[in-house]
Amino acid sequence: MKFFILLALFGAAFGQNLRAEVDQLLPFLNMDEVRTIYQRYVQTDAQVGEIWSFLQSAETDAAWRVLISTPELQEISAWTEVRGVSIRDYLNGIAAMLGLTPITRSVNARSPASRSWNAMMDEIRAVTDLEGAEALARTFIANPASEFGELYRMTQARRAGFTRVIEHPDVTRFSAQLRAFGVDVDQIITRFRNFFGWN
């Protein structure tokens with residue numbers, strides 16, 4: 001009996017499925033608190049509200065469609081779905097939080113919103129542990145039996161497709177507008193590229 005318990009523990013530690021691995025990563029991100037901070041800023045800060053309005057524009061919707069229609073993302077999403085992890089639900093959650101439904105309101109490209117946006121992002125960084133999440137993710141990646149590691153390698157191998165997304169005209173227009181608002185798009189892209197070793 002002790003042998004079976006040890007075997008089960010060994011299997012749990014070295015051959016976890018993707019759902020279990022993602023469940024271990026999620027507490028580092030503290031998404032409920034992130035949503036609360038984001039919603040508070042959108043509702044109470046006019047400058048962040050202006051960025052939120054832009055995120056509901058047709059321009060944002062065009063960039064979003066480029067991302068979600070990418071064959072590489074669709075392939076990875078299908079792979080995760082059969083393992084109990086829905087990238088589609090995660091992306092739809094982000095879309096809902098950011099209000100990615102187009103609206104007709106015009107957007108002023110020259111905004112002092114970066115100060116408020118940066119304050120909001122400082123609060124979000126304070127309640128998340130990205131370094132801890134990345135450290136745990138790296139342990140999964142190093143384990144050949146890890147499905148998260150397999151997902152990482154699948155994504156890493158699709159660099160060309162994701163690079164096309166970043167360089168797509170709709171996405172570059174969207175990124176330029178976010179930069180005009182003071183959002184550090186380049187830091188986000190750099191962090192993403194560094195994680196996947198796409199330097």
# chains A, B, ... in the order shown; residues from 1 in each chain; ligands from 1
$ select_by_dssp --residues "stretch 10-165 of chain A" --states "helix (DSSP H, G or I)" --output "PyMOL selection string"
chain A and resi 10-14+18-29+31-44+46-55+58-68+71-81+87-98+114-127+130-142+147-157+159-165
$ residues_around --residues "A:Trp117" --least-positions-apart "2" --cutoff "10 Å" --atoms "only C-alpha atoms" --output "list in words"
Tyr38, Tyr41, Val42, Asp45, Gln47, Val48, Gly49, Ile51, Pro112, Ala113, Ser114, Arg115, Ala119, Met120, Met121, Asp122, Glu123, Phe181, Gly182, Val183 and Asp184 of chain A
$ write_last_selection --atoms "N, CA, C and O atoms" --output "short mmCIF file (atom, residue, chain, number, x, y, z; two decimals), in the first residue's frame"
data_model
loop_
_atom_site.label_atom_id
_atom_site.label_comp_id
_atom_site.auth_asym_id
_atom_site.auth_seq_id
_atom_site.Cartn_x
_atom_site.Cartn_y
_atom_site.Cartn_z
N TYR A 38 -9.39 47.11 -11.43
CA TYR A 38 -9.66 47.61 -12.78
C TYR A 38 -11.04 48.27 -12.84
O TYR A 38 -11.19 49.39 -13.34
N TYR A 41 -11.15 51.68 -11.06
CA TYR A 41 -10.54 52.76 -11.84
C TYR A 41 -11.42 53.16 -13.03
O TYR A 41 -11.57 54.34 -13.32
N VAL A 42 -11.99 52.18 -13.71
CA VAL A 42 -12.84 52.49 -14.87
C VAL A 42 -14.05 53.32 -14.43
O VAL A 42 -14.44 54.27 -15.10
N ASP A 45 -12.30 56.97 -12.41
CA ASP A 45 -11.22 57.79 -12.95
C ASP A 45 -11.50 58.07 -14.42
O ASP A 45 -11.46 57.18 -15.26
N GLN A 47 -9.77 59.49 -16.71
CA GLN A 47 -8.67 59.21 -17.64
C GLN A 47 -8.60 57.72 -17.97
O GLN A 47 -8.42 57.34 -19.12
N VAL A 48 -8.73 56.87 -16.96
CA VAL A 48 -8.76 55.42 -17.23
C VAL A 48 -10.04 55.08 -17.98
O VAL A 48 -10.03 54.23 -18.88
N GLY A 49 -11.13 55.77 -17.67
CA GLY A 49 -12.38 55.57 -18.42
C GLY A 49 -12.21 55.88 -19.90
O GLY A 49 -12.79 55.23 -20.76
N ILE A 51 -9.40 55.47 -21.63
CA ILE A 51 -8.71 54.30 -22.20
C ILE A 51 -9.70 53.16 -22.37
O ILE A 51 -9.73 52.47 -23.39
N PRO A 112 -3.89 62.69 -21.10
CA PRO A 112 -3.02 62.64 -19.93
C PRO A 112 -3.31 61.40 -19.07
O PRO A 112 -2.97 61.36 -17.90
N ALA A 113 -3.91 60.39 -19.66
CA ALA A 113 -4.37 59.24 -18.89
C ALA A 113 -3.26 58.35 -18.36
O ALA A 113 -3.50 57.51 -17.52
N SER A 114 -2.03 58.53 -18.83
CA SER A 114 -0.98 57.60 -18.40
C SER A 114 -0.76 57.63 -16.90
O SER A 114 -0.47 56.62 -16.29
N ARG A 115 -0.91 58.78 -16.27
CA ARG A 115 -0.70 58.88 -14.83
C ARG A 115 -1.69 57.98 -14.09
O ARG A 115 -1.32 57.21 -13.22
N ALA A 119 -0.99 54.36 -12.15
CA ALA A 119 -1.40 54.15 -10.76
C ALA A 119 -2.21 52.87 -10.63
O ALA A 119 -2.02 52.08 -9.69
N MET A 120 -3.12 52.65 -11.59
CA MET A 120 -3.91 51.42 -11.57
C MET A 120 -3.00 50.20 -11.73
O MET A 120 -3.13 49.22 -11.00
N MET A 121 -2.06 50.26 -12.67
CA MET A 121 -1.16 49.12 -12.89
C MET A 121 -0.27 48.88 -11.67
O MET A 121 0.03 47.73 -11.34
N ASP A 122 0.13 49.94 -10.97
CA ASP A 122 0.91 49.77 -9.74
C ASP A 122 0.11 48.99 -8.70
O ASP A 122 0.63 48.11 -8.02
N GLU A 123 -1.18 49.32 -8.58
CA GLU A 123 -2.04 48.58 -7.64
C GLU A 123 -2.18 47.11 -8.05
O GLU A 123 -2.16 46.22 -7.22
N PHE A 181 -1.78 56.86 -25.10
CA PHE A 181 -2.42 56.96 -23.79
C PHE A 181 -1.42 56.79 -22.66
O PHE A 181 -1.76 56.96 -21.49
N GLY A 182 -0.19 56.39 -22.98
CA GLY A 182 0.84 56.19 -21.96
C GLY A 182 0.96 54.76 -21.46
O GLY A 182 1.65 54.50 -20.48
N VAL A 183 0.30 53.82 -22.13
CA VAL A 183 0.39 52.42 -21.75
C VAL A 183 1.69 51.86 -22.30
O VAL A 183 2.00 52.03 -23.48
N ASP A 184 2.45 51.18 -21.46
CA ASP A 184 3.76 50.66 -21.87
C ASP A 184 3.59 49.32 -22.60
O ASP A 184 3.87 48.25 -22.08
#
$ residues_around --residues "A:Leu18" --least-positions-apart "6" --cutoff "9 Å" --atoms "only C-alpha atoms" --output "VMD selection string"
chain A and resid 80 83 to 85 146 to 149 151
$ write_last_selection --atoms "C-alpha atoms" --output "compact mmCIF listing (two decimals), in the first residue's frame"
# COMPACT_ATOMS: atom_id res chain seq x y z
CA THR A 80 -5.81 23.13 -24.06
CA ARG A 83 -7.11 19.13 -21.20
CA GLY A 84 -9.71 21.09 -19.25
CA VAL A 85 -8.21 24.57 -19.71
CA SER A 146 4.35 18.50 -17.69
CA GLU A 147 1.46 19.45 -19.96
CA PHE A 148 2.11 23.10 -19.13
CA GLY A 149 5.67 22.53 -20.37
CA LEU A 151 1.94 24.00 -23.99
$ closest_residue --among "A:Tyr90, A:Trp64, A:Ala157, A:Phe195" --to "A:Ala135" --atoms "only C-alpha atoms"
A:Phe195
$ residues_around --residues "A:Ala160" --least-positions-apart "4" --cutoff "10 Å" --atoms "only C-alpha atoms" --output "PyMOL selection string"
chain A and resi 72+156+164-166+198
$ residues_around --residues "A:Arg158" --least-positions-apart "2" --cutoff "10 Å" --atoms "only C-alpha atoms" --output "JSON, numbers by chain"
{"A": [71, 72, 73, 76, 153, 154, 155, 156, 160, 161, 162, 163]}
$ write_last_selection --atoms "C-alpha atoms" --output "PDB file, in the first residue's frame"
ATOM      1  CA  PRO A  71      -4.300  29.742 -36.570  1.00  0.00           C
ATOM      2  CA  GLU A  72      -1.544  29.241 -33.998  1.00  0.00           C
ATOM      3  CA  LEU A  73      -3.742  30.502 -31.165  1.00  0.00           C
ATOM      4  CA  ILE A  76      -3.145  25.922 -28.993  1.00  0.00           C
ATOM      5  CA  ARG A 153       6.951  24.460 -26.157  1.00  0.00           C
ATOM      6  CA  MET A 154       3.977  24.499 -28.568  1.00  0.00           C
ATOM      7  CA  THR A 155       3.638  28.248 -28.141  1.00  0.00           C
ATOM      8  CA  GLN A 156       7.385  28.758 -28.401  1.00  0.00           C
ATOM      9  CA  ALA A 160       6.358  33.263 -36.498  1.00  0.00           C
ATOM     10  CA  GLY A 161       2.562  33.281 -36.181  1.00  0.00           C
ATOM     11  CA  PHE A 162       2.556  35.362 -33.008  1.00  0.00           C
ATOM     12  CA  THR A 163       5.117  37.745 -34.519  1.00  0.00           C
TER      13      THR A 163
END
$ closest_residue --among "A:Ile124, A:Trp79, A:Asp61, A:Asp23" --to "A:Glu150" --atoms "only C-alpha atoms"
A:Trp79
$ residues_around --residues "A:Phe174" --least-positions-apart "5" --cutoff "8 Å" --atoms "only C-alpha atoms" --output "PyMOL selection string"
chain A and resi 59-60+63
$ atom_distance --atom1 "atom CA of A:Thr190" --atom2 "atom CA of A:Ala46"
28.6 Å
$ atom_distance --atom1 "atom CA of A:Ile68" --atom2 "atom CA of A:Thr128"
25.5 Å
$ closest_residue --among "A:Gly197, A:Pro144, A:Pro169, A:Gly132" --to "A:Leu67" --atoms "only C-alpha atoms"
A:Pro169
$ atom_distance --atom1 "atom CA of A:Phe196" --atom2 "atom CA of A:Tyr152"
7.5 Å
$ closest_residue --among "A:Gln39, A:Leu136, A:Ile141, A:Leu91" --to "A:Arg65" --atoms "only C-alpha atoms"
A:Leu91
